[in-house]
>>> print(open('input-v1.txt').read())   # compact mmCIF, C-alpha atoms
# COMPACT_ATOMS: atom_id res chain seq x y z
CA MET A 24 3.70 6.66 -57.00
CA SER A 25 0.93 7.19 -54.42
CA ALA A 26 2.68 4.90 -51.94
CA ILE A 27 5.20 7.55 -50.89
CA PRO A 28 2.87 10.07 -49.18
CA GLU A 29 1.09 7.18 -47.54
CA ILE A 30 4.31 5.77 -46.13
CA ARG A 31 5.42 9.25 -45.00
CA HIS A 32 2.13 9.67 -43.17
CA ARG A 33 2.52 6.34 -41.41
CA LEU A 34 6.08 7.18 -40.48
CA ARG A 35 4.93 10.36 -38.81
CA VAL A 36 2.15 8.63 -36.93
CA VAL A 37 4.40 5.88 -35.64
CA ALA A 38 7.07 8.40 -34.62
CA ASP A 39 4.47 10.38 -32.65
CA THR A 40 3.18 7.27 -30.91
CA ARG A 41 6.71 6.29 -30.07
CA LYS A 42 7.21 9.66 -28.40
CA ILE A 43 4.19 8.98 -26.19
CA THR A 44 5.19 5.45 -25.22
CA ARG A 45 8.73 6.60 -24.54
CA ALA A 46 7.48 9.39 -22.26
CA MET A 47 5.19 6.99 -20.43
CA TYR A 48 8.09 4.63 -19.99
CA LEU A 49 10.19 7.37 -18.43
CA ILE A 50 7.38 8.51 -16.15
CA SER A 51 6.68 4.97 -15.03
CA SER A 52 10.30 4.25 -14.29
CA ALA A 53 10.51 7.38 -12.14
CA LYS A 54 7.29 6.48 -10.31
CA MET A 55 8.47 2.97 -9.93
CA GLN A 56 11.59 4.12 -8.09
CA LYS A 57 9.31 5.88 -5.63
CA ALA A 58 7.05 2.85 -5.39
CA LEU A 59 9.98 0.55 -4.78
CA ARG A 60 11.19 2.70 -1.92
CA MET A 61 7.72 2.67 -0.38
CA HIS A 62 7.50 -1.05 -0.96
CA GLU A 63 10.82 -1.66 0.75
CA ARG A 64 9.95 0.35 3.83
CA ASN A 65 6.51 -1.15 4.02
CA SER A 66 7.43 -4.79 3.60
CA LEU A 67 9.32 -4.69 6.89
CA TYR A 68 6.20 -3.51 8.70
CA PHE A 69 4.12 -6.10 6.89
CA HIS A 70 6.38 -8.97 7.97
CA ARG A 71 6.82 -7.76 11.52
CA VAL A 72 3.16 -7.15 12.14
CA ARG A 73 2.21 -10.53 10.74
CA SER A 74 4.78 -12.36 12.80
CA ASP A 75 3.61 -10.41 15.82
CA ILE A 76 0.00 -11.39 15.34
CA ARG A 77 1.09 -14.98 14.89
CA PHE A 78 3.10 -14.69 18.09
CA ILE A 79 0.05 -13.46 19.91
CA ILE A 80 -2.18 -16.16 18.47
CA ASP A 81 0.36 -18.87 19.34
CA ASN A 82 0.86 -17.61 22.85
CA SER A 83 -2.73 -17.05 23.77
CA HIS A 84 -3.68 -20.41 25.06
CA ALA A 85 -7.15 -19.33 25.82
CA GLN A 86 -9.44 -18.65 22.88
CA LEU A 87 -9.11 -15.12 21.65
CA GLY A 88 -12.42 -13.62 22.56
CA HIS A 89 -12.33 -10.66 20.25
CA PRO A 90 -14.94 -10.70 17.46
CA TYR A 91 -12.23 -10.16 14.84
CA PHE A 92 -10.88 -13.63 15.58
CA GLN A 93 -14.22 -15.37 15.43
CA HIS A 94 -15.19 -17.21 12.32
CA ARG A 95 -18.87 -16.65 11.73
CA LEU A 96 -20.92 -18.65 9.30
CA LYS A 97 -20.20 -16.87 6.07
CA LYS A 98 -23.32 -15.40 4.66
CA SER A 99 -22.10 -12.16 3.26
CA VAL A 100 -18.61 -11.67 1.87
CA ALA A 101 -16.92 -8.44 0.87
CA PHE A 102 -14.14 -8.20 -1.69
CA LEU A 103 -11.82 -5.25 -1.99
CA VAL A 104 -10.35 -5.30 -5.48
CA ILE A 105 -7.35 -3.11 -6.25
CA SER A 106 -6.44 -2.30 -9.84
CA GLY A 107 -5.03 0.61 -11.80
CA ASP A 108 -6.79 3.75 -12.98
CA LYS A 109 -5.81 3.35 -16.61
CA GLY A 110 -4.60 0.73 -19.02
CA MET A 111 -1.36 0.73 -21.00
CA CYS A 112 0.28 -1.62 -18.57
CA GLY A 113 0.21 -4.97 -20.28
CA ALA A 114 -1.82 -7.65 -18.59
CA TYR A 115 -1.66 -6.07 -15.14
CA ASN A 116 -5.30 -5.00 -14.82
CA GLU A 117 -6.59 -7.94 -16.79
CA ASP A 118 -4.82 -10.49 -14.60
CA VAL A 119 -5.96 -9.16 -11.25
CA LEU A 120 -9.51 -8.55 -12.45
CA ARG A 121 -9.81 -12.02 -13.91
CA LEU A 122 -8.67 -13.50 -10.60
CA ALA A 123 -11.16 -11.28 -8.79
CA ARG A 124 -13.99 -12.41 -11.02
CA ARG A 125 -13.11 -16.07 -10.59
CA THR A 126 -12.84 -15.70 -6.83
CA ILE A 127 -16.10 -13.83 -6.55
CA GLU A 128 -17.98 -16.28 -8.72
CA ALA A 129 -16.58 -19.21 -6.76
CA ALA A 130 -17.49 -17.64 -3.40
CA ASP A 131 -20.15 -19.77 -1.87
CA CYS A 132 -22.26 -17.34 0.10
CA GLU A 133 -25.57 -15.60 0.07
CA GLN A 134 -24.45 -12.10 -0.60
CA VAL A 135 -21.41 -10.56 -2.20
CA SER A 136 -20.36 -6.96 -1.93
CA ILE A 137 -17.62 -5.53 -4.07
CA PHE A 138 -15.37 -2.63 -3.14
CA THR A 139 -13.10 -1.33 -5.84
CA ILE A 140 -10.00 0.81 -5.86
CA GLY A 141 -9.11 2.05 -9.33
CA GLN A 142 -11.08 3.05 -12.37
CA THR A 143 -10.55 -0.13 -14.37
CA ALA A 144 -11.92 -2.37 -11.61
CA ALA A 145 -15.07 -0.27 -11.33
CA VAL A 146 -15.62 -0.32 -15.09
CA TYR A 147 -14.90 -4.04 -15.31
CA PHE A 148 -17.50 -5.06 -12.73
CA HIS A 149 -19.95 -2.57 -14.11
CA ARG A 150 -19.66 -4.21 -17.50
CA LEU A 151 -20.13 -7.67 -15.99
CA GLY A 152 -23.34 -6.47 -14.42
CA MET A 153 -21.99 -6.82 -10.87
CA GLN A 154 -22.39 -3.31 -9.67
CA PRO A 155 -19.59 -2.46 -7.21
CA ASP A 156 -21.03 -1.33 -3.88
CA VAL A 157 -18.35 1.19 -3.11
CA GLN A 158 -15.85 2.70 -5.53
CA TYR A 159 -12.76 4.47 -4.28
CA LEU A 160 -11.11 6.66 -6.86
CA HIS A 161 -7.72 8.34 -6.92
CA ILE A 162 -6.24 6.00 -4.36
CA SER A 163 -4.43 3.73 -6.77
CA GLN A 164 -2.54 6.72 -8.17
CA ASN A 165 -1.19 7.74 -4.83
CA PRO A 166 -1.43 5.27 -1.98
CA MET A 167 -1.55 7.08 1.34
CA LEU A 168 -1.89 5.86 4.87
CA ALA A 169 -4.82 8.19 5.56
CA SER A 170 -6.93 6.73 2.76
CA SER A 171 -6.18 3.15 3.75
CA ARG A 172 -7.23 4.06 7.26
CA GLU A 173 -10.54 5.34 5.96
CA ILE A 174 -11.23 2.22 3.91
CA THR A 175 -10.24 -0.12 6.70
CA GLN A 176 -12.40 1.76 9.17
CA GLU A 177 -15.36 1.38 6.88
CA LEU A 178 -14.79 -2.34 6.39
CA CYS A 179 -14.31 -2.88 10.12
CA ASP A 180 -17.53 -1.03 10.88
CA LEU A 181 -19.41 -3.24 8.46
CA TYR A 182 -17.83 -6.29 10.01
CA GLU A 183 -18.66 -5.26 13.53
CA GLN A 184 -22.24 -4.50 12.62
CA GLY A 185 -22.49 -7.98 11.15
CA MET A 186 -23.20 -6.68 7.63
CA VAL A 187 -20.31 -8.73 6.27
CA ASP A 188 -18.84 -11.91 7.66
CA GLU A 189 -15.65 -12.11 5.68
CA VAL A 190 -13.46 -9.58 3.94
CA TYR A 191 -10.95 -10.41 1.22
CA LEU A 192 -8.36 -8.26 -0.47
CA ILE A 193 -7.57 -8.96 -4.11
CA TYR A 194 -4.49 -7.19 -5.40
CA THR A 195 -1.23 -7.76 -7.23
CA HIS A 196 1.69 -8.69 -5.04
CA MET A 197 5.15 -7.85 -6.30
CA TYR A 198 7.60 -10.58 -5.40
CA ALA A 199 10.22 -9.16 -7.74
CA THR A 200 10.10 -6.64 -10.56
CA THR A 201 9.57 -9.45 -13.01
CA ASP A 202 7.33 -11.51 -10.78
CA LEU A 203 3.93 -9.91 -10.30
CA ARG A 204 1.29 -12.22 -8.93
CA PRO A 205 -2.39 -11.43 -8.40
CA THR A 206 -3.18 -12.50 -4.85
CA VAL A 207 -6.19 -13.06 -2.62
CA LEU A 208 -5.65 -12.22 1.02
CA ARG A 209 -8.14 -12.63 3.85
CA LEU A 210 -8.47 -9.46 5.86
CA LEU A 211 -11.18 -10.55 8.26
CA PRO A 212 -11.67 -12.62 10.30
CA ILE A 213 -8.14 -13.25 11.46
CA LEU A 214 -7.59 -16.98 11.51
CA ALA A 215 -4.58 -18.93 12.64
CA GLU A 216 -4.45 -20.89 9.39
CA ASP A 217 -3.63 -17.73 7.43
CA PHE A 218 -0.45 -17.34 9.39
CA ALA A 219 0.95 -20.78 8.76
CA ASP A 220 3.53 -19.44 6.31
CA VAL A 221 4.68 -16.61 8.54
CA GLU A 222 8.07 -17.12 10.07
CA ILE A 223 8.34 -16.85 13.82
CA LEU A 224 10.80 -14.25 15.01
CA HIS A 225 10.34 -14.66 18.73
CA ARG A 226 11.02 -17.62 20.85
CA GLN A 227 8.07 -19.29 22.49
CA THR A 228 7.62 -17.83 25.94
CA ALA A 229 5.38 -18.19 28.91
CA GLU A 230 1.85 -16.89 28.55
CA LEU A 231 1.73 -13.28 27.47
CA THR A 232 0.45 -10.60 29.73
CA TYR A 233 -1.85 -8.04 28.24
CA HIS A 234 -1.88 -4.55 29.49
CA PRO A 235 -4.32 -3.07 30.44
CA SER A 236 -6.50 -5.97 29.26
CA GLU A 237 -6.64 -8.41 26.42
CA ALA A 238 -9.76 -6.84 24.97
CA GLU A 239 -8.31 -3.37 25.04
CA VAL A 240 -5.02 -4.39 23.47
CA LEU A 241 -6.75 -6.28 20.68
CA GLN A 242 -9.10 -3.38 20.12
CA LYS A 243 -6.05 -1.31 19.29
CA LEU A 244 -3.87 -3.91 17.67
CA VAL A 245 -6.27 -5.42 15.20
CA PRO A 246 -7.33 -2.20 13.43
CA GLN A 247 -3.66 -1.17 13.23
CA TYR A 248 -2.82 -4.49 11.68
CA LEU A 249 -5.66 -4.19 9.19
CA ILE A 250 -4.77 -0.64 8.23
CA GLY A 251 -1.20 -1.74 7.69
CA LEU A 252 -2.39 -4.63 5.56
CA THR A 253 -4.63 -2.46 3.38
CA TYR A 254 -1.85 0.05 2.95
CA THR A 255 0.55 -2.73 2.01
CA ALA A 256 -1.86 -3.98 -0.62
CA CYS A 257 -2.20 -0.47 -2.06
CA VAL A 258 1.56 0.00 -2.17
CA GLN A 259 2.09 -3.42 -3.71
CA ALA A 260 -0.53 -2.73 -6.34
CA TYR A 261 0.98 0.67 -7.08
CA ALA A 262 4.47 -0.76 -7.48
CA SER A 263 3.18 -3.63 -9.61
CA GLU A 264 1.22 -1.29 -11.85
CA HIS A 265 4.22 0.86 -12.62
CA CYS A 266 6.41 -2.15 -13.04
CA ALA A 267 3.96 -3.61 -15.55
CA ARG A 268 3.54 -0.30 -17.32
CA MET A 269 7.27 0.20 -17.58
CA THR A 270 7.74 -3.20 -19.18
CA ALA A 271 4.80 -2.70 -21.53
CA MET A 272 5.89 0.76 -22.61
CA ASP A 273 9.46 -0.35 -23.10
CA ALA A 274 8.24 -3.13 -25.36
CA SER A 275 6.04 -0.78 -27.37
CA THR A 276 8.86 1.71 -27.80
CA ARG A 277 11.01 -1.07 -29.16
CA ASN A 278 8.22 -2.22 -31.46
CA ALA A 279 7.84 1.33 -32.70
CA ASP A 280 11.56 1.44 -33.46
CA ASP A 281 11.29 -1.78 -35.47
CA MET A 282 8.31 -0.43 -37.33
CA LEU A 283 10.04 2.86 -38.12
CA GLY A 284 13.01 0.93 -39.54
CA ARG A 285 10.77 -1.12 -41.76
CA LEU A 286 8.82 1.91 -42.93
CA ARG A 287 11.99 3.82 -43.78
CA LEU A 288 13.16 0.88 -45.84
CA ASP A 289 9.81 0.80 -47.65
CA LEU A 290 9.99 4.53 -48.23
CA ASN A 291 13.46 4.37 -49.75
CA ARG A 292 12.52 1.42 -51.89
CA ALA A 293 9.45 3.23 -53.19
CA ARG A 294 11.45 6.39 -53.91
CA GLN A 295 14.10 4.45 -55.79
CA GLY A 296 11.40 2.63 -57.68
CA ASP A 297 9.94 6.00 -58.68
CA ILE A 298 13.29 7.33 -59.84
CA THR A 299 14.06 4.18 -61.83
CA GLN A 300 10.69 4.35 -63.52
CA GLU A 301 11.14 8.03 -64.42
CA LEU A 302 14.61 7.35 -65.84
CA THR A 303 13.30 4.48 -67.90
CA GLU A 304 10.54 6.70 -69.26
CA ILE A 305 12.98 9.52 -70.14
CA VAL A 306 15.41 7.13 -71.86
CA ALA A 307 12.57 5.48 -73.75
CA GLY A 308 11.24 8.95 -74.79
CA ALA A 309 14.68 10.12 -75.96
CA ASN A 310 15.16 6.91 -77.93
CA SER A 311 11.87 7.31 -79.72
CA VAL A 312 12.69 10.97 -80.60
CA SER A 313 16.15 10.16 -82.01
CA GLN A 314 14.87 7.28 -84.14
CA MET B 4 26.86 0.56 31.43
CA ALA B 5 23.31 -0.51 31.91
CA ALA B 6 21.95 -3.63 30.22
CA THR B 7 20.56 -2.91 26.79
CA PHE B 8 17.91 -4.42 24.60
CA ARG B 9 16.92 -4.02 20.98
CA LEU B 10 14.20 -1.46 20.35
CA GLN B 11 12.45 -1.41 17.01
CA ILE B 12 9.92 1.20 16.01
CA ILE B 13 8.16 0.51 12.75
CA THR B 14 5.32 2.27 10.96
CA PRO B 15 3.68 1.26 7.67
CA GLU B 16 5.60 4.01 5.93
CA ARG B 17 9.06 3.54 7.33
CA SER B 18 11.34 1.84 9.79
CA PHE B 19 11.86 4.60 12.31
CA PHE B 20 14.27 3.22 14.87
CA ASP B 21 16.27 0.03 15.33
CA GLU B 22 19.03 0.17 17.92
CA GLN B 23 20.22 -1.10 21.26
CA VAL B 24 18.79 1.05 24.03
CA GLU B 25 18.71 1.06 27.80
CA MET B 26 15.16 2.15 28.41
CA VAL B 27 12.00 3.25 26.66
CA VAL B 28 9.00 5.02 28.15
CA PHE B 29 5.58 5.23 26.52
CA ARG B 30 2.02 5.76 27.59
CA ALA B 31 -0.51 3.00 28.13
CA PRO B 32 -4.18 3.87 28.70
CA ASP B 33 -3.66 3.92 32.46
CA GLY B 34 -0.34 5.71 32.70
CA GLU B 35 3.22 5.68 31.53
CA ILE B 36 5.19 2.46 31.27
CA GLY B 37 8.95 2.27 31.35
CA VAL B 38 10.64 -0.79 29.90
CA MET B 39 14.19 -1.87 30.65
CA ALA B 40 16.10 -4.96 29.59
CA GLY B 41 14.76 -8.27 30.88
CA HIS B 42 11.13 -7.21 31.07
CA ALA B 43 8.45 -9.89 31.25
CA PRO B 44 6.80 -10.69 27.89
CA MET B 45 3.82 -8.47 27.43
CA VAL B 46 1.60 -6.84 24.81
CA VAL B 47 0.63 -3.28 25.64
CA SER B 48 -1.75 -0.94 23.94
CA MET B 49 -0.23 2.52 23.51
CA GLN B 50 -1.80 5.92 23.43
CA GLU B 51 -0.71 9.03 21.60
CA SER B 52 2.27 10.21 23.56
CA ALA B 53 5.79 11.49 23.54
CA ILE B 54 7.86 8.35 23.77
CA ARG B 55 11.19 8.70 25.47
CA ILE B 56 14.20 6.59 24.62
CA ARG B 57 17.40 6.36 26.63
CA ARG B 58 20.41 5.36 24.60
CA LYS B 59 23.98 5.57 25.89
CA GLY B 60 22.80 7.58 28.86
CA LYS B 61 20.99 10.21 26.78
CA TRP B 62 17.27 10.71 26.49
CA ARG B 63 15.55 11.42 23.20
CA GLN B 64 11.92 12.16 22.52
CA ALA B 65 9.64 11.33 19.63
CA ALA B 66 6.00 12.13 18.97
CA ALA B 67 4.05 8.92 18.47
CA SER B 68 0.50 8.13 17.46
CA ASP B 69 -1.44 5.29 19.04
CA GLY B 70 -0.20 1.77 18.50
CA PHE B 71 0.91 -1.25 20.41
CA ALA B 72 4.08 -2.61 21.91
CA THR B 73 5.22 -6.23 21.95
CA ILE B 74 7.74 -6.91 24.66
CA THR B 75 9.66 -10.15 24.39
CA GLN B 76 12.69 -11.45 26.23
CA ASP B 77 15.35 -9.58 24.34
CA GLU B 78 13.57 -7.02 22.26
CA VAL B 79 10.77 -4.50 22.22
CA LEU B 80 8.79 -3.81 19.09
CA LEU B 81 6.62 -0.72 18.82
CA LEU B 82 4.20 -0.73 15.90
CA MET B 83 2.31 2.47 15.30
CA GLN B 84 0.76 4.58 12.60
CA THR B 85 3.09 7.57 12.67
CA VAL B 86 6.10 8.65 14.69
CA GLU B 87 8.39 11.65 14.29
CA TRP B 88 11.47 13.20 15.82
CA PRO B 89 10.93 16.74 17.12
CA GLU B 90 12.94 18.20 14.24
CA GLU B 91 10.71 16.55 11.67
CA ILE B 92 7.53 18.07 12.99
CA ASP B 93 6.00 20.96 11.17
CA ARG B 94 4.84 23.18 14.03
CA VAL B 95 2.59 25.22 11.83
CA ARG B 96 0.88 22.15 10.52
CA ALA B 97 0.51 20.68 13.99
CA GLU B 98 -1.04 23.95 15.17
CA ARG B 99 -3.46 23.89 12.26
CA ASP B 100 -4.36 20.25 12.94
CA ARG B 101 -5.05 21.14 16.54
CA ALA B 102 -7.38 23.98 15.58
CA LEU B 103 -9.15 21.74 13.06
CA ALA B 104 -9.57 18.91 15.55
CA GLU B 105 -10.92 21.27 18.19
CA GLU B 106 -13.40 22.69 15.72
CA LYS B 107 -14.54 19.18 14.78
CA LEU B 108 -14.89 18.24 18.45
CA ARG B 109 -17.09 21.25 18.98
CA GLN B 110 -19.41 20.25 16.17
CA GLN B 111 -19.41 16.64 17.36
CA ARG B 112 -21.63 15.00 14.81
CA SER B 113 -21.49 11.34 15.81
CA MET B 114 -19.69 9.13 18.24
CA HIS B 115 -17.53 7.83 15.44
CA GLU B 116 -16.44 11.29 14.29
CA TYR B 117 -15.92 12.29 17.87
CA LEU B 118 -13.43 9.47 18.34
CA ILE B 119 -11.56 10.35 15.15
CA ALA B 120 -11.35 14.03 16.08
CA ARG B 121 -10.22 13.19 19.59
CA SER B 122 -7.37 11.03 18.37
CA MET B 123 -6.39 13.72 15.86
CA LEU B 124 -6.32 16.29 18.65
CA ALA B 125 -4.22 14.01 20.83
CA ARG B 126 -1.68 13.54 18.05
CA ALA B 127 -1.46 17.27 17.39
CA MET B 128 -0.99 18.00 21.10
CA VAL B 129 1.82 15.45 21.38
CA ARG B 130 3.59 16.95 18.38
CA LEU B 131 3.35 20.43 19.81
CA ARG B 132 4.54 19.28 23.20
CA VAL B 133 7.55 17.46 21.81
CA THR B 134 8.68 20.39 19.69
CA GLY B 135 8.02 22.85 22.50
CA ARG B 136 10.23 21.11 25.01
CA ASN B 137 13.14 20.87 22.63
CA GLY B 138 13.88 24.51 22.20
CA GLY B 139 10.80 25.27 20.03
>>> encode(input="input-v1.txt", output="structure tokens")
Amino acid sequence: MSAIPEIRHRLRVVADTRKITRAMYLISSAKMQKALRMHERNSLYFHRVRSDIRFIIDNSHAQLGHPYFQHRLKKSVAFLVISGDKGMCGAYNEDVLRLARRTIEAADCEQVSIFTIGQTAAVYFHRLGMQPDVQYLHISQNPMLASSREITQELCDLYEQGMVDEVYLIYTHMYATTDLRPTVLRLLPILAEDFADVEILHRQTAELTYHPSEAEVLQKLVPQYLIGLTYTACVQAYASEHCARMTAMDASTRNADDMLGRLRLDLNRARQGDITQELTEIVAGANSVSQ
Amino acid sequence: MAATFRLQIITPERSFFDEQVEMVVFRAPDGEIGVMAGHAPMVVSMQESAIRIRRKGKWRQAAASDGFATITQDEVLLLMQTVEWPEEIDRVRAERDRALAEEKLRQQRSMHEYLIARSMLARAMVRLRVTGRNGG
């Protein structure tokens, strides 16, 4: 029967694919351990720095004069979209990119610029005909403080020159390993309303003193805060990607196992069918000879 | 026993220090600032410097990048980009960074690059100083 070689071939193919998905699962789980450690260390900074900024905003009774705190009329908006470099991670890329597209299309402004981190984001916007203005590659594979500093510096420069009036980050936030949520976060300007959900760690005190001066402190503090935020987003995205990939690859390995079981059953059935047929033929032949 | 306060030093990559201390000294743009328990609430911008921490009567040093300090009634929070104990610093790498930064300063392409190179040089110098003083 011709079915047997065919089934054998399929068996081999599925077994090979299973090897790949299994390896990817193992790699992702190792990377995820690393990402989780980074995530844990970083989330402390993230919470502290946010509560600190809130503390400063709450305690500065005078208007904060720094341009980073001023809400200009939004004419030009920049979006920094963070996604993975490759697929094979379930709906991870798809989810964050769809949110990005919806947000960008809903943005009511004259000019939109798109910054992408990750190959899939660049390709996605390219295909939609919204050419990304700046593409950062290699960062999503290995989030580092130095690269976030570079990106933030660039965005801050654009903001200070008045080329963009608002900057948003779009990335996947990992609340738990099973709870990945694509998120939009405003990077600039820094507005009090964004900090409404931040818990206050310090008691309200008398007016803060700035040393040497308010302008100089904010000049240092704000970029630090922004760099930290960008880095956090990169780390979150990295952890989410590996989390998603691990789940996806685990599921495909299990599917491959199911498939292999079914194919083996088919193979045995076909072989037995062959043998039965041959026996029947031999018996029939012998009968006809003896008659 | 002197009065203590909680000192936290946090960078984006790790939580560096979180303990009760008696005093901490760091550098503001116009000179060094020492903070002891009961300091008035203040936000200070910090420069690249060797921060000194006194805990249980003993001083320790750490090489810090630029950042800022939030001083509240009962705690001090230092947020910065990088900070290292002397034993964590790679002297060879710090030396190389210093040479690189000096070279970049010499070429001095734009104001922006000048600022970056200057801060890189300052960080490298602090690292070298901290390791040097501790039996380097």
>>> closest_atom_pairs(input="input-v1.txt", of="chain A", to="chain B", cutoff="6 Å", atoms="all atoms listed in the file", output="tab-separated table")
residue	atom	partner	partner_atom	distance
A:Arg64	CA	B:Arg17	CA	4.8
A:Asn65	CA	B:Pro15	CA	5.2
A:Tyr68	CA	B:Pro15	CA	5.5
A:Leu231	CA	B:Met45	CA	5.2
A:Thr232	CA	B:Met45	CA	4.6
A:Tyr233	CA	B:Val46	CA	5.0
A:His234	CA	B:Val47	CA	4.8
A:Val240	CA	B:Ser48	CA	4.8
A:Gly251	CA	B:Pro15	CA	5.7
>>> residues_around(input="input-v1.txt", residues="B:Gln23", least_positions_apart="2", cutoff="9 Å", atoms="only C-alpha atoms", output="JSON, numbers by chain")
{"B": [7, 8, 9, 10, 11, 21, 25, 58, 59, 78]}
>>> atom_distance(input="input-v1.txt", atom1="atom CA of B:Ser113", atom2="atom CA of A:Ile162")
25.8 Å
>>> closest_residue(input="input-v1.txt", among="B:Val28, B:Leu131, B:Glu51, B:Ala104", to="B:Ser68", atoms="only C-alpha atoms")
B:Glu51
>>> atom_distance(input="input-v1.txt", atom1="atom CA of B:Ala97", atom2="atom CA of B:Arg126")
8.5 Å
>>> atom_distance(input="input-v1.txt", atom1="atom CA of A:Leu211", atom2="atom CA of A:Ala262")
24.3 Å
>>> closest_residue(input="input-v1.txt", among="A:Ile250, A:Ala26, A:Met167, A:Met55", to="A:Met269", atoms="all atoms listed in the file")
A:Met55
>>> residues_around(input="input-v1.txt", residues="stretch 86-96 of chain B", least_positions_apart="5", cutoff="6 Å", atoms="all atoms listed in the file", output="PDB file with C-alpha atoms, in the frame of the given file")
ATOM      1  CA  ALA B  65       9.640  11.330  19.630  1.00  0.00           C
ATOM      2  CA  ALA B  66       6.000  12.130  18.970  1.00  0.00           C
ATOM      3  CA  ALA B  67       4.050   8.920  18.470  1.00  0.00           C
ATOM      4  CA  VAL B 133       7.550  17.460  21.810  1.00  0.00           C
ATOM      5  CA  THR B 134       8.680  20.390  19.690  1.00  0.00           C
TER       6      THR B 134
END
>>> residues_around(input="input-v1.txt", residues="A:Arg209", least_positions_apart="4", cutoff="8 Å", atoms="all atoms listed in the file", output="PDB file with C-alpha atoms, in the frame of the given file")
ATOM      1  CA  GLU A 189     -15.650 -12.110   5.680  1.00  0.00           C
ATOM      2  CA  VAL A 190     -13.460  -9.580   3.940  1.00  0.00           C
ATOM      3  CA  TYR A 191     -10.950 -10.410   1.220  1.00  0.00           C
ATOM      4  CA  LEU A 192      -8.360  -8.260  -0.470  1.00  0.00           C
ATOM      5  CA  ILE A 213      -8.140 -13.250  11.460  1.00  0.00           C
ATOM      6  CA  ASP A 217      -3.630 -17.730   7.430  1.00  0.00           C
TER       7      ASP A 217
END
>>> closest_atom_pairs(input="input-v1.txt", of="stretch 61-127 of chain A", to="stretch 137-160 of chain A", cutoff="10 Å", atoms="only C-alpha atoms", output="Markdown table")
| residue | atom | partner | partner_atom | distance |
| --- | --- | --- | --- | --- |
| A:Val100 | CA | A:Ile137 | CA | 8.6 |
| A:Ala101 | CA | A:Ile137 | CA | 5.8 |
| A:Phe102 | CA | A:Ile137 | CA | 5.0 |
| A:Leu103 | CA | A:Phe138 | CA | 4.6 |
| A:Val104 | CA | A:Thr139 | CA | 4.8 |
| A:Ile105 | CA | A:Ile140 | CA | 4.7 |
| A:Ser106 | CA | A:Gly141 | CA | 5.1 |
| A:Gly107 | CA | A:Gly141 | CA | 5.0 |
| A:Asp108 | CA | A:Gln142 | CA | 4.4 |
| A:Lys109 | CA | A:Thr143 | CA | 6.3 |
| A:Gly110 | CA | A:Thr143 | CA | 7.6 |
| A:Asn116 | CA | A:Thr143 | CA | 7.2 |
| A:Glu117 | CA | A:Thr143 | CA | 9.1 |
| A:Val119 | CA | A:Ala144 | CA | 9.0 |
| A:Leu120 | CA | A:Ala144 | CA | 6.7 |
| A:Arg121 | CA | A:Tyr147 | CA | 9.6 |
| A:Ala123 | CA | A:Ala144 | CA | 9.4 |
| A:Arg124 | CA | A:Phe148 | CA | 8.3 |
| A:Ile127 | CA | A:Ile137 | CA | 8.8 |
>>> write_last_selection(input="input-v1.txt", atoms="C-alpha atoms", output="short mmCIF file (atom, residue, chain, number, x, y, z; two decimals), in the frame of the given file")
data_model
loop_
_atom_site.label_atom_id
_atom_site.label_comp_id
_atom_site.auth_asym_id
_atom_site.auth_seq_id
_atom_site.Cartn_x
_atom_site.Cartn_y
_atom_site.Cartn_z
CA VAL A 100 -18.61 -11.67 1.87
CA ALA A 101 -16.92 -8.44 0.87
CA PHE A 102 -14.14 -8.20 -1.69
CA LEU A 103 -11.82 -5.25 -1.99
CA VAL A 104 -10.35 -5.30 -5.48
CA ILE A 105 -7.35 -3.11 -6.25
CA SER A 106 -6.44 -2.30 -9.84
CA GLY A 107 -5.03 0.61 -11.80
CA ASP A 108 -6.79 3.75 -12.98
CA LYS A 109 -5.81 3.35 -16.61
CA GLY A 110 -4.60 0.73 -19.02
CA ASN A 116 -5.30 -5.00 -14.82
CA GLU A 117 -6.59 -7.94 -16.79
CA VAL A 119 -5.96 -9.16 -11.25
CA LEU A 120 -9.51 -8.55 -12.45
CA ARG A 121 -9.81 -12.02 -13.91
CA ALA A 123 -11.16 -11.28 -8.79
CA ARG A 124 -13.99 -12.41 -11.02
CA ILE A 127 -16.10 -13.83 -6.55
#
>>> build_atoms(input="input-v1.txt", residues="stretch 97-102 of chain B", atoms="N, CA and C atoms", output="tab-separated table (two decimals), keeping the file's coordinate frame")
chain	number	residue	atom	x	y	z
B	97	ALA	N	1.04	21.26	12.76
B	97	ALA	CA	0.51	20.68	13.99
B	97	ALA	C	-0.49	21.64	14.63
B	98	GLU	N	-0.14	22.93	14.61
B	98	GLU	CA	-1.04	23.95	15.17
B	98	GLU	C	-2.36	23.96	14.41
B	99	ARG	N	-2.26	23.87	13.09
B	99	ARG	CA	-3.46	23.89	12.26
B	99	ARG	C	-4.31	22.65	12.54
B	100	ASP	N	-3.65	21.49	12.64
B	100	ASP	CA	-4.36	20.25	12.94
B	100	ASP	C	-5.11	20.35	14.27
B	101	ARG	N	-4.43	21.01	15.22
B	101	ARG	CA	-5.05	21.14	16.54
B	101	ARG	C	-6.31	21.98	16.44
B	102	ALA	N	-6.22	23.10	15.72
B	102	ALA	CA	-7.38	23.98	15.58
B	102	ALA	C	-8.52	23.23	14.87
